[in-house]
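Coordinates from my_file.cif are shown below (mmCIF, C-alpha atoms).
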```cif
data_work
#
loop_
_atom_site.label_atom_id
_atom_site.label_comp_id
_atom_site.auth_asym_id
_atom_site.auth_seq_id
_atom_site.Cartn_x
_atom_site.Cartn_y
_atom_site.Cartn_z
CA MET N 18 -8.92 26.97 -26.33
CA SER N 19 -5.38 28.16 -25.93
CA ASP N 20 -2.26 26.59 -27.32
CA SER N 21 -1.19 25.01 -24.05
CA GLN N 22 -4.67 23.63 -23.35
CA LEU N 23 -4.66 21.99 -26.77
CA THR N 24 -1.27 20.40 -26.13
CA PHE N 25 -2.29 19.11 -22.71
CA THR N 26 -5.58 17.73 -24.05
CA LEU N 27 -3.74 15.85 -26.77
CA ALA N 28 -1.15 14.58 -24.28
CA THR N 29 -3.99 13.44 -21.99
CA LEU N 30 -5.70 11.43 -24.70
CA LEU N 31 -2.50 9.80 -25.94
CA GLY N 32 -1.28 9.16 -22.41
CA ALA N 33 -4.53 7.52 -21.31
CA VAL N 34 -4.51 5.10 -24.24
CA GLY N 35 -0.79 4.45 -23.81
CA VAL N 36 -1.03 3.74 -20.09
CA TRP N 37 -3.99 1.44 -20.71
CA LEU N 38 -1.94 -0.49 -23.24
CA LEU N 39 0.99 -0.68 -20.82
CA LEU N 40 -0.97 -1.97 -17.82
CA PRO N 41 -0.96 -5.76 -17.44
CA ARG N 42 -3.98 -7.04 -19.33
CA GLY N 43 -3.20 -10.72 -19.61
CA THR N 44 -1.59 -10.27 -22.99
CA ALA N 45 1.66 -8.71 -24.08
CA ARG N 46 0.05 -7.37 -27.26
CA GLY N 47 0.17 -3.59 -27.69
CA TRP N 48 3.06 -3.14 -25.30
CA ALA N 49 5.31 -1.34 -27.80
CA ALA N 50 2.46 0.85 -29.07
CA GLY N 51 1.67 1.84 -25.48
CA ALA N 52 5.28 2.77 -24.82
CA VAL N 53 5.36 4.92 -27.96
CA LEU N 54 2.10 6.66 -27.05
CA VAL N 55 3.27 7.40 -23.51
CA ALA N 56 6.59 8.70 -24.86
CA ILE N 57 4.73 11.03 -27.25
CA ALA N 58 2.47 12.23 -24.43
CA LEU N 59 5.48 12.90 -22.19
CA GLY N 60 7.17 14.75 -25.04
CA LEU N 61 4.11 16.92 -25.57
CA GLY N 62 4.01 17.67 -21.85
CA ALA N 63 7.73 18.45 -21.84
CA SER N 64 7.26 20.89 -24.71
CA ARG N 65 5.03 23.02 -22.44
CA MET N 66 7.56 23.13 -19.61
CA LEU N 67 8.86 26.60 -18.90
CA ARG N 68 12.53 27.39 -19.44
CA LEU N 69 14.73 27.73 -16.37
CA GLU N 70 17.57 30.23 -16.06
CA ASP N 71 19.98 28.58 -18.52
CA TRP N 72 20.33 25.49 -20.65
CA VAL N 73 22.38 23.61 -18.04
CA ALA N 74 19.54 23.91 -15.53
CA ASP N 75 17.09 22.89 -18.23
CA GLY N 76 19.14 19.82 -19.11
CA VAL N 77 19.54 18.67 -15.51
CA PHE N 78 15.85 19.18 -14.80
CA PHE N 79 14.69 17.32 -17.89
CA ILE N 80 17.01 14.36 -17.26
CA LEU N 81 15.92 14.05 -13.62
CA ALA N 82 12.23 14.52 -14.36
CA GLY N 83 12.42 12.11 -17.28
CA VAL N 84 14.06 9.39 -15.20
CA THR N 85 11.49 9.88 -12.43
CA VAL N 86 8.42 9.75 -14.65
CA VAL N 87 9.58 6.97 -16.98
CA ALA N 88 10.55 4.80 -14.02
CA ALA N 89 7.15 5.53 -12.45
CA VAL N 90 5.35 4.37 -15.59
CA ALA N 91 7.53 1.26 -15.67
CA THR N 92 6.65 0.57 -12.03
CA ILE N 93 2.97 0.19 -12.80
CA SER N 94 3.43 -1.65 -16.08
CA PHE N 95 5.87 -4.48 -15.37
CA ARG N 96 4.38 -7.88 -14.54
CA ASP N 97 7.06 -9.13 -12.21
CA PRO N 98 6.74 -7.46 -8.79
CA VAL N 99 10.49 -7.66 -8.29
CA LEU N 100 11.04 -5.55 -11.39
CA CYS N 101 8.32 -3.16 -10.20
CA ALA N 102 10.21 -2.66 -6.95
CA ILE N 103 13.49 -2.02 -8.80
CA TRP N 104 11.88 0.54 -11.11
CA PHE N 105 10.27 2.20 -8.12
CA GLY N 106 13.72 2.48 -6.56
CA LEU N 107 14.96 4.25 -9.69
CA SER N 108 11.98 6.61 -9.55
CA LEU N 109 12.89 7.41 -5.94
CA LEU N 110 16.45 8.20 -6.95
CA GLY N 111 15.08 10.59 -9.57
CA THR N 112 12.88 12.23 -6.96
CA ALA N 113 15.86 12.61 -4.66
CA GLY N 114 17.74 14.27 -7.51
CA LEU N 115 14.84 16.67 -8.04
CA PHE N 116 14.89 17.52 -4.32
CA LEU N 117 18.59 18.27 -4.59
CA PHE N 118 17.99 20.39 -7.67
CA ALA N 119 15.41 22.45 -5.81
CA GLY N 120 17.89 23.04 -3.00
CA ALA N 121 16.44 20.59 -0.46
CA GLN N 122 19.72 18.84 0.30
CA PHE N 123 18.69 17.22 3.54
CA LEU N 124 15.52 15.80 2.02
CA ALA N 125 17.44 14.35 -0.91
CA VAL N 126 19.70 12.42 1.45
CA ALA N 127 16.82 11.44 3.71
CA THR N 128 14.82 10.13 0.76
CA VAL N 129 17.68 7.95 -0.39
CA VAL N 130 18.44 6.67 3.10
CA VAL N 131 14.95 6.13 4.45
CA TYR N 132 13.17 5.12 1.28
CA ALA N 133 16.01 3.02 -0.06
CA GLY N 134 15.98 1.21 3.28
CA ALA N 135 12.22 0.79 3.20
CA ILE N 136 12.36 -0.29 -0.42
CA LEU N 137 15.03 -2.81 0.36
CA VAL N 138 12.74 -4.31 2.99
CA THR N 139 9.82 -4.34 0.58
CA PHE N 140 12.00 -5.88 -2.04
CA LEU N 141 13.03 -8.64 0.34
CA PHE N 142 9.39 -9.26 1.16
CA VAL N 143 8.58 -9.55 -2.52
CA LEU N 144 11.44 -11.96 -3.02
CA MET N 145 10.45 -13.99 0.02
CA LEU N 146 6.73 -14.24 -0.61
CA ALA N 147 6.07 -13.85 -4.27
CA ARG N 148 8.41 -16.07 -6.14
CA PRO N 149 5.65 -17.73 -8.12
CA LYS N 150 6.05 -21.02 -9.86
CA GLY N 151 5.26 -19.88 -13.35
CA ARG N 152 3.58 -16.51 -13.74
CA ALA N 153 0.78 -15.76 -11.31
CA THR N 154 -2.45 -14.64 -12.94
CA TRP N 155 -2.90 -11.80 -10.49
CA ASN N 156 0.30 -10.18 -11.72
CA ARG N 157 -0.77 -10.50 -15.31
CA SER N 158 -4.17 -8.81 -15.16
CA SER N 159 -5.51 -5.57 -13.76
CA TRP N 160 -8.66 -4.43 -12.05
CA GLU N 161 -10.52 -2.11 -14.46
CA PRO N 162 -7.49 -0.92 -16.44
CA VAL N 163 -9.55 1.29 -18.77
CA VAL N 164 -11.36 3.22 -16.06
CA SER N 165 -8.34 3.68 -13.84
CA ALA N 166 -6.05 4.78 -16.68
CA ALA N 167 -8.65 7.27 -17.88
CA THR N 168 -9.30 8.61 -14.37
CA GLY N 169 -5.66 9.06 -13.47
CA ILE N 170 -4.49 10.57 -16.73
CA VAL N 171 -7.45 12.93 -17.02
CA MET N 172 -6.72 14.14 -13.50
CA VAL N 173 -3.10 14.74 -14.46
CA GLY N 174 -4.18 16.58 -17.61
CA VAL N 175 -6.61 18.86 -15.82
CA LEU N 176 -4.11 19.61 -13.06
CA SER N 177 -1.34 20.41 -15.56
CA MET N 178 -3.63 22.63 -17.58
CA THR N 179 -4.71 24.54 -14.48
CA ILE N 180 -1.16 24.93 -13.16
CA SER N 181 0.06 26.08 -16.55
CA ASP N 182 -2.77 28.58 -16.99
CA VAL N 183 -2.62 30.05 -13.50
CA LEU N 184 1.15 30.52 -13.48
CA ALA N 185 1.09 32.10 -16.94
CA LEU N 186 -1.80 34.50 -16.16
CA ARG N 187 -1.02 38.16 -16.53
CA GLY N 188 -2.90 41.00 -14.92
CA GLU N 189 -3.94 44.25 -16.51
CA THR N 190 -0.53 45.80 -16.01
CA GLY N 191 1.10 42.95 -17.91
CA ARG N 192 2.82 41.59 -14.81
CA PRO N 193 2.26 37.94 -13.87
CA ILE N 194 -0.48 37.46 -11.29
CA VAL N 195 1.51 34.93 -9.35
CA GLU N 196 4.70 36.54 -8.18
CA ALA N 197 7.05 35.61 -5.42
CA ALA N 198 7.37 38.27 -2.75
CA GLU N 199 10.95 37.12 -2.15
CA THR N 200 13.98 38.03 -4.21
CA ALA N 201 16.98 35.87 -5.05
CA GLY N 202 18.83 37.53 -2.19
CA ASP N 203 16.14 36.50 0.29
CA ARG N 204 16.36 32.91 -0.90
CA ALA N 205 20.15 32.91 -0.67
CA GLU N 206 19.73 33.60 3.07
CA GLY N 207 16.71 31.32 3.42
CA VAL N 208 16.01 28.01 1.72
CA LEU N 209 19.10 28.20 -0.48
CA ALA N 210 21.57 29.22 2.21
CA ASP N 211 24.93 27.50 2.53
CA GLN N 212 24.10 26.51 6.10
CA HIS N 213 21.21 24.43 4.84
CA VAL N 214 21.16 21.58 7.32
CA ALA N 215 21.68 23.91 10.27
CA LEU N 216 18.67 25.97 9.20
CA VAL N 217 16.56 22.85 8.63
CA GLY N 218 17.49 21.59 12.07
CA ALA N 219 16.70 24.92 13.69
CA GLU N 220 13.31 24.98 11.99
CA LEU N 221 12.56 21.33 12.79
CA PHE N 222 13.47 21.50 16.47
CA GLY N 223 12.25 25.07 16.88
CA ARG N 224 8.89 25.75 15.37
CA ASN N 225 8.03 22.06 14.84
CA LEU N 226 9.27 20.58 18.10
CA VAL N 227 5.86 19.35 19.24
CA ALA N 228 5.24 17.76 15.85
CA VAL N 229 8.57 15.94 16.12
CA GLU N 230 7.50 14.50 19.47
CA VAL N 231 4.16 13.44 18.01
CA ALA N 232 5.89 11.81 15.03
CA GLY N 233 8.13 9.89 17.43
CA THR N 234 5.11 8.61 19.30
CA LEU N 235 3.49 7.65 16.01
CA LEU N 236 6.56 5.65 15.01
CA LEU N 237 6.50 3.84 18.34
CA ALA N 238 2.80 3.05 17.95
CA ALA N 239 3.40 1.76 14.42
CA LEU N 240 6.24 -0.44 15.66
CA VAL N 241 4.08 -1.96 18.39
CA GLY N 242 1.15 -2.31 16.00
CA ALA N 243 3.21 -4.09 13.36
CA ALA N 244 4.59 -6.48 15.96
CA VAL N 245 1.11 -7.24 17.29
CA ILE N 246 -0.35 -7.77 13.83
CA VAL N 247 2.39 -10.11 12.67
CA ALA N 248 2.73 -12.14 15.88
CA ARG N 249 0.99 -15.46 15.66
CA PRO N 250 -1.65 -16.07 18.29
CA ARG N 251 -0.36 -18.20 21.15
CA SER N 252 -2.69 -21.08 20.39
CA GLU N 253 -1.19 -21.32 16.90
CA ALA N 254 2.41 -20.95 17.98
CA GLN N 255 2.29 -23.61 20.69
CA GLU N 256 0.43 -26.59 19.42
CA PRO N 257 -1.28 -28.28 22.32
CA PRO N 258 -0.22 -31.87 22.77
CA ALA N 259 -2.53 -34.21 20.95
CA ALA N 260 -4.95 -35.92 23.26
CA ASP N 261 -5.01 -39.67 23.12
CA MET T 16 9.61 34.75 -17.32
CA ASP T 17 10.90 34.58 -13.77
CA PRO T 18 12.94 31.36 -13.45
CA GLU T 19 11.47 30.77 -9.99
CA ILE T 20 7.96 30.67 -11.44
CA ALA T 21 9.22 28.37 -14.18
CA LEU T 22 10.72 26.05 -11.57
CA LEU T 23 7.49 26.03 -9.55
CA HIS T 24 5.47 25.32 -12.69
CA ASN T 25 7.67 22.42 -13.79
CA TYR T 26 7.85 20.85 -10.34
CA LEU T 27 4.10 21.07 -9.82
CA ILE T 28 3.48 19.31 -13.13
CA VAL T 29 6.01 16.56 -12.45
CA GLY T 30 4.45 16.12 -9.01
CA ALA T 31 0.98 15.85 -10.53
CA VAL T 32 2.22 13.26 -13.03
CA LEU T 33 3.80 11.16 -10.27
CA PHE T 34 0.63 11.37 -8.20
CA GLY T 35 -1.55 10.40 -11.15
CA ILE T 36 0.60 7.44 -12.15
CA GLY T 37 0.64 6.21 -8.57
CA MET T 38 -3.13 6.54 -8.44
CA ILE T 39 -3.56 4.49 -11.62
CA GLY T 40 -1.32 1.80 -10.24
CA PHE T 41 -3.12 1.72 -6.91
CA PHE T 42 -6.50 1.40 -8.62
CA SER T 43 -5.60 -1.21 -11.18
CA ARG T 44 -2.78 -3.44 -9.98
CA ARG T 45 -3.76 -6.57 -8.09
CA ASN T 46 -0.53 -7.41 -6.31
CA MET T 47 -0.74 -5.95 -2.81
CA ILE T 48 2.96 -5.08 -2.65
CA VAL T 49 2.80 -3.22 -5.97
CA MET T 50 -0.26 -1.35 -4.71
CA PHE T 51 1.76 -0.35 -1.68
CA LEU T 52 4.60 0.90 -3.89
CA CYS T 53 2.10 2.97 -5.85
CA ALA T 54 0.77 4.58 -2.67
CA GLU T 55 4.34 5.58 -1.82
CA MET T 56 4.66 7.04 -5.30
CA MET T 57 1.66 9.28 -4.68
CA LEU T 58 3.35 10.53 -1.52
CA GLN T 59 6.46 11.32 -3.58
CA GLY T 60 4.41 13.42 -5.98
CA VAL T 61 2.98 15.44 -3.11
CA SER T 62 6.46 15.85 -1.62
CA LEU T 63 7.77 17.32 -4.86
CA SER T 64 4.99 19.91 -4.90
CA LEU T 65 5.63 20.81 -1.27
CA VAL T 66 9.36 21.31 -1.83
CA ALA T 67 8.67 23.48 -4.87
CA PHE T 68 6.17 25.64 -2.97
CA GLY T 69 8.58 25.96 -0.07
CA ARG T 70 11.33 27.19 -2.37
CA PHE T 71 9.02 29.60 -4.16
CA HIS T 72 7.89 31.21 -0.92
CA ASN T 73 11.33 31.00 0.72
CA ASP T 74 9.89 29.06 3.63
CA PHE T 75 11.06 25.86 5.29
CA GLY T 76 7.48 24.78 5.98
CA GLY T 77 7.30 22.71 2.82
CA GLN T 78 10.45 20.78 3.65
CA MET T 79 9.28 20.24 7.23
CA LEU T 80 6.04 18.73 5.96
CA VAL T 81 8.03 16.41 3.67
CA ILE T 82 10.10 15.23 6.63
CA PHE T 83 6.89 14.33 8.44
CA ILE T 84 5.59 12.66 5.27
CA ILE T 85 8.70 10.46 5.30
CA ALA T 86 8.11 9.58 8.96
CA VAL T 87 4.46 8.74 8.36
CA ALA T 88 5.41 6.74 5.25
CA ALA T 89 7.79 4.70 7.40
CA CYS T 90 4.93 3.92 9.81
CA GLU T 91 2.73 3.10 6.85
CA ALA T 92 5.35 0.74 5.44
CA ALA T 93 5.63 -1.12 8.74
CA ILE T 94 1.88 -1.52 9.20
CA ALA T 95 1.17 -2.25 5.54
CA LEU T 96 3.81 -4.94 5.30
CA ALA T 97 2.56 -6.50 8.53
CA VAL T 98 -0.99 -6.58 7.18
CA VAL T 99 0.16 -7.90 3.80
CA LEU T 100 2.14 -10.65 5.50
CA MET T 101 -0.88 -11.54 7.59
CA LEU T 102 -3.17 -11.66 4.54
CA TYR T 103 -0.59 -13.71 2.66
CA ARG T 104 -0.55 -16.25 5.48
CA ARG T 105 -4.32 -16.55 5.34
CA ALA T 106 -4.81 -16.71 1.56
CA GLY T 107 -1.50 -18.03 0.28
CA LYS T 108 -1.24 -15.34 -2.37
CA LEU T 109 -0.75 -11.61 -2.71
CA ASP T 110 -3.83 -11.14 -4.88
CA VAL T 111 -6.09 -8.41 -3.51
CA ILE T 112 -9.13 -9.89 -5.27
CA VAL T 113 -9.15 -12.67 -2.68
CA TRP T 114 -10.41 -10.10 -0.17
CA GLN T 115 -13.10 -8.60 -2.39
CA ALA T 116 -15.79 -9.78 0.00
CA LEU T 117 -14.91 -6.63 1.96
CA ARG T 118 -16.24 -4.38 -0.83
CA GLU T 119 -19.37 -2.26 -0.62
CA ASP T 120 -22.69 -4.05 -0.95
CA ASN T 121 -23.68 -2.37 -4.19
CA GLN T 122 -20.43 -3.05 -6.03
CA PRO T 123 -20.27 -5.87 -8.57
CA ALA T 124 -17.82 -8.65 -7.98
CA PHE T 125 -14.63 -8.89 -9.98
CA GLU T 126 -14.92 -11.56 -12.62
CA GLU T 127 -11.75 -13.42 -13.26
CA GLU T 128 -11.29 -13.99 -16.94
CA ALA T 129 -9.31 -16.94 -18.16
CA LEU T 130 -5.86 -15.87 -19.24
CA PRO T 131 -3.83 -17.71 -21.83
CA GLU T 132 -1.04 -19.76 -20.36
CA GLU T 133 2.35 -18.15 -20.47
CA PRO T 134 5.65 -19.95 -20.35
CA PRO T 135 7.10 -19.81 -16.86
CA ALA T 136 9.37 -16.91 -16.03
CA GLU T 137 13.01 -17.40 -16.75
CA PRO T 138 14.85 -18.36 -13.59
CA TRP T 139 17.11 -15.79 -12.01
CA PRO T 140 20.80 -16.36 -12.59
CA SER T 141 22.52 -18.38 -9.93
CA LEU T 142 26.10 -19.25 -9.15
CA SER T 143 27.36 -22.60 -10.25
CA ARG T 144 28.46 -25.00 -7.58
CA ALA T 145 32.08 -24.97 -6.66
CA GLY T 146 34.29 -26.87 -4.26
CA LEU T 147 33.98 -30.28 -2.74
CA SER T 148 30.98 -31.50 -0.88
CA PRO T 149 31.84 -31.96 2.78
CA GLU T 150 31.95 -35.34 4.40
CA ILE T 151 29.01 -35.78 6.70
CA LEU T 152 29.46 -37.97 9.71
CA PRO T 153 26.66 -40.50 10.09
CA GLU T 154 25.89 -39.40 13.65
CA GLU T 155 25.33 -35.83 12.48
CA THR T 156 22.34 -36.85 10.42
CA ASP T 157 20.63 -37.84 13.65
CA PHE T 158 20.34 -34.34 15.04
CA ARG T 159 20.55 -32.23 11.87
CA SER T 160 17.44 -32.82 9.87
CA ARG T 161 18.31 -30.66 6.86
CA LEU T 162 21.37 -32.52 5.65
#
```
Could you rewrite the structure in this file as structure tokens?
Amino acid sequence: MSDSQLTFTLATLLGAVGVWLLLPRGTARGWAAGAVLVAIALGLGASRMLRLEDWVADGVFFILAGVTVVAAVATISFRDPVLCAIWFGLSLLGTAGLFLFAGAQFLAVATVVVYAGAILVTFLFVLMLARPKGRATWNRSSWEPVVSAATGIVMVGVLSMTISDVLALRGETGRPIVEAAETAGDRAEGVLADQHVALVGAELFGRNLVAVEVAGTLLLAALVGAAVIVARPRSEAQEPPAAD
Amino acid sequence: MDPEIALLHNYLIVGAVLFGIGMIGFFSRRNMIVMFLCAEMMLQGVSLSLVAFGRFHNDFGGQMLVIFIIAVAACEAAIALAVVLMLYRRAGKLDVIVWQALREDNQPAFEEEALPEEPPAEPWPSLSRAGLSPEILPEETDFRSRL
């Protein structure tokens, strides 16, 4: 078992127990211990991250990734759905930052605009529907917290281990097996070009034009479907006059 | 180590973590709106991986797919909120256990365990009242029921 596999196995075990402790279980006991365990697991995972070109890039990446992941854990562990929605919004902002960091400027803006709008709507729904008098039991307990925490975290551990191993593999000549065919110069004229949005637009309305049309139709169908599902049946909306 | 490979590696792992956390939340949380948020979180994890792959291979395909993911997620939000609203009207609560009769035949039912009572949540802050209360004409109370 290699060094990185050992680290990821340890992080998986600690993370599974920590997430189980953090999930709502009807009691607030063990909350702090869960937070500490998850923090240790995230730290172990972070120690296996590969270094980017310089320390500035490293710092920006770790801050953005940390905000995203911590907010994601908070989303599934808070009892109050309003707080869950707010933490999810923070996680989305972190994701948008990661998009920007990877050079996907248009997607970063689109994520903030579209998702923040959608989240605002969700948030309003939560406020409108779920202001419980006292604390609702269904927010305070989970469905099979042990099994789901174990399943999810083990999946994350196995995936991380595989990704880490495959990308670090070296062939017989000592060169990494996975290598990009493109150079930095290619990227500077491609995905990292200054004319980013123009290139995205050309790609979207060039090669993907049919898909754009299909997506538009899908949005229309979803709109009609949502309206039909929510609309009250006519018999309910118009009460018939009571017969004498 | 090539920094591009390092970036791909880090993004793929963060994406996997987001996906896994969303999956845990979707499996275990009982509030339907929180489950919906967790499904969106899984989509975010996949989007991160796609953007990283697209950058690694210098191809806009990954970003295009993320744009379509956003469009489909918008459709999903509309339909999911409509269905949640509908279910809330029927059951009066957002608990997904209410609908467990829809499960597979061979699955055991969820057993609700008694939870200890908790003090009610602290109320959200609100603004104090200010100003004078308006004078209400007696005839207005005839046609305005909420005064």
Give as a ChimeraX atom specification each residue that has an atom at most 12 Å from (20.7, 13.9, 0.6) in the file, counting only C-alpha atoms. /N:110,112-133,213-214
Expansion of the PyMOL selection byres ((chain N and resi 172-175) around 8) into residues, as a VMD selection string: (chain N and resid 25 to 26 28 to 29 168 to 171 176 to 179) or (chain T and resid 31 to 32 35)
Would you compute the box with edges along x, y and z of the file around region 188-206 of chain N, including every atom the file lists for it and 3 Å extra on each side, and give its centre and edge lengths in Å to one decimal, as AutoDock Vina command-line options?
```
--center_x 8.1 --center_y 39.4 --center_z -7.4 --size_x 30.1 --size_y 18.9 --size_z 27.0
```
Explicit residues for the PyMOL selection byres ((chain N and resi 51) around 10) (as a ChimeraX atom specification): /N:31-40,46-50,52-57
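By all atoms listed in the file, and with residues fewer than 3 positions from Ser64 (chain N) along its chain excluded, the set lying at most 10 Å from it is Ser21, Thr24, Phe25, Ala58, Leu59, Gly60, Leu61, Leu67 and Arg68 of chain N.
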Using only C-alpha atoms, which protein or nucleic acid residues come within 9 Å of region 91-93 of chain T? Drop anything in the same chain fewer than 3 positions from it, and give the result as an mmCIF file with C-alpha atoms, in the coordinates of the input.
```
data_model
loop_
_atom_site.group_PDB
_atom_site.id
_atom_site.type_symbol
_atom_site.label_atom_id
_atom_site.label_comp_id
_atom_site.auth_asym_id
_atom_site.auth_seq_id
_atom_site.Cartn_x
_atom_site.Cartn_y
_atom_site.Cartn_z
ATOM 1 C CA ALA N 135 12.220 0.790 3.200
ATOM 2 C CA THR N 139 9.820 -4.340 0.580
ATOM 3 C CA ALA N 239 3.400 1.760 14.420
ATOM 4 C CA LEU N 240 6.240 -0.440 15.660
ATOM 5 C CA GLY N 242 1.150 -2.310 16.000
ATOM 6 C CA ALA N 243 3.210 -4.090 13.360
ATOM 7 C CA PHE T 51 1.760 -0.350 -1.680
ATOM 8 C CA GLU T 55 4.340 5.580 -1.820
ATOM 9 C CA ALA T 86 8.110 9.580 8.960
ATOM 10 C CA VAL T 87 4.460 8.740 8.360
ATOM 11 C CA ALA T 88 5.410 6.740 5.250
ATOM 12 C CA LEU T 96 3.810 -4.940 5.300
ATOM 13 C CA ALA T 97 2.560 -6.500 8.530
ATOM 14 C CA VAL T 98 -0.990 -6.580 7.180
#
```
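What the PyMOL selection byres ((chain T and resi 21) around 9) picks from this file is Met66, Leu67, Arg68, Leu69, Glu70 and Leu184 of chain N; Met16, Asp17, Pro18, Glu19, Ile20, Leu22, Leu23, His24, Asn25 and Tyr26 of chain T.
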Expected file contents, prior selection, C-alpha atoms, as a tab-separated table (two decimals), in the coordinates of the input:
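What landed in result.tsv:
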```tsv
chain	number	residue	atom	x	y	z
N	66	MET	CA	7.56	23.13	-19.61
N	67	LEU	CA	8.86	26.60	-18.90
N	68	ARG	CA	12.53	27.39	-19.44
N	69	LEU	CA	14.73	27.73	-16.37
N	70	GLU	CA	17.57	30.23	-16.06
N	184	LEU	CA	1.15	30.52	-13.48
T	16	MET	CA	9.61	34.75	-17.32
T	17	ASP	CA	10.90	34.58	-13.77
T	18	PRO	CA	12.94	31.36	-13.45
T	19	GLU	CA	11.47	30.77	-9.99
T	20	ILE	CA	7.96	30.67	-11.44
T	22	LEU	CA	10.72	26.05	-11.57
T	23	LEU	CA	7.49	26.03	-9.55
T	24	HIS	CA	5.47	25.32	-12.69
T	25	ASN	CA	7.67	22.42	-13.79
T	26	TYR	CA	7.85	20.85	-10.34
```
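CA of Asn73 (chain T) is positioned 15.3 Å from CA of Ala219 (chain N).
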Neighbourhood query: residues within 8 Å of (-5.2, -11.5, -8.2), file coordinates, counting all atoms listed in the file; return as a PyMOL selection string. (chain N and resi 153-156+158) or (chain T and resi 45-46+109-113)
Measuring atom to atom with only C-alpha atoms, identify which of N:Ala210, N:Thr234, N:Gly223, N:Arg204 is nearest to chain T. N:Arg204
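Distance-wise, CA of Ile246 (chain N) and CA of Gly37 (chain T) end up 26.4 Å apart.
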Measuring between all atoms listed in the file, which one of T:Ala89, T:Ile36, T:Leu27, T:Leu80 shows the shortest distance to Thr92 (chain N)? T:Ile36
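You can rank T:Leu52, T:Leu142, T:Met79, T:Met57 by their closest distance to Leu226 (chain N) using only C-alpha atoms, and at the top of that list sits T:Met79.
Minimum atom-to-atom distance to Leu100 (chain N), evaluated using all atoms listed in the file, belongs to T:Val49 out of T:Ile39, T:Leu130, T:Tyr103, T:Val49.
Distance-wise, CA of Ala215 (chain N) and CA of Gln78 (chain T) end up 13.4 Å apart.
Among N:Trp160, N:Arg187, N:Leu235, N:Val245, the residue with the shortest atom-to-atom distance to Glu126 (chain T), counting all atoms listed in the file, is N:Trp160.
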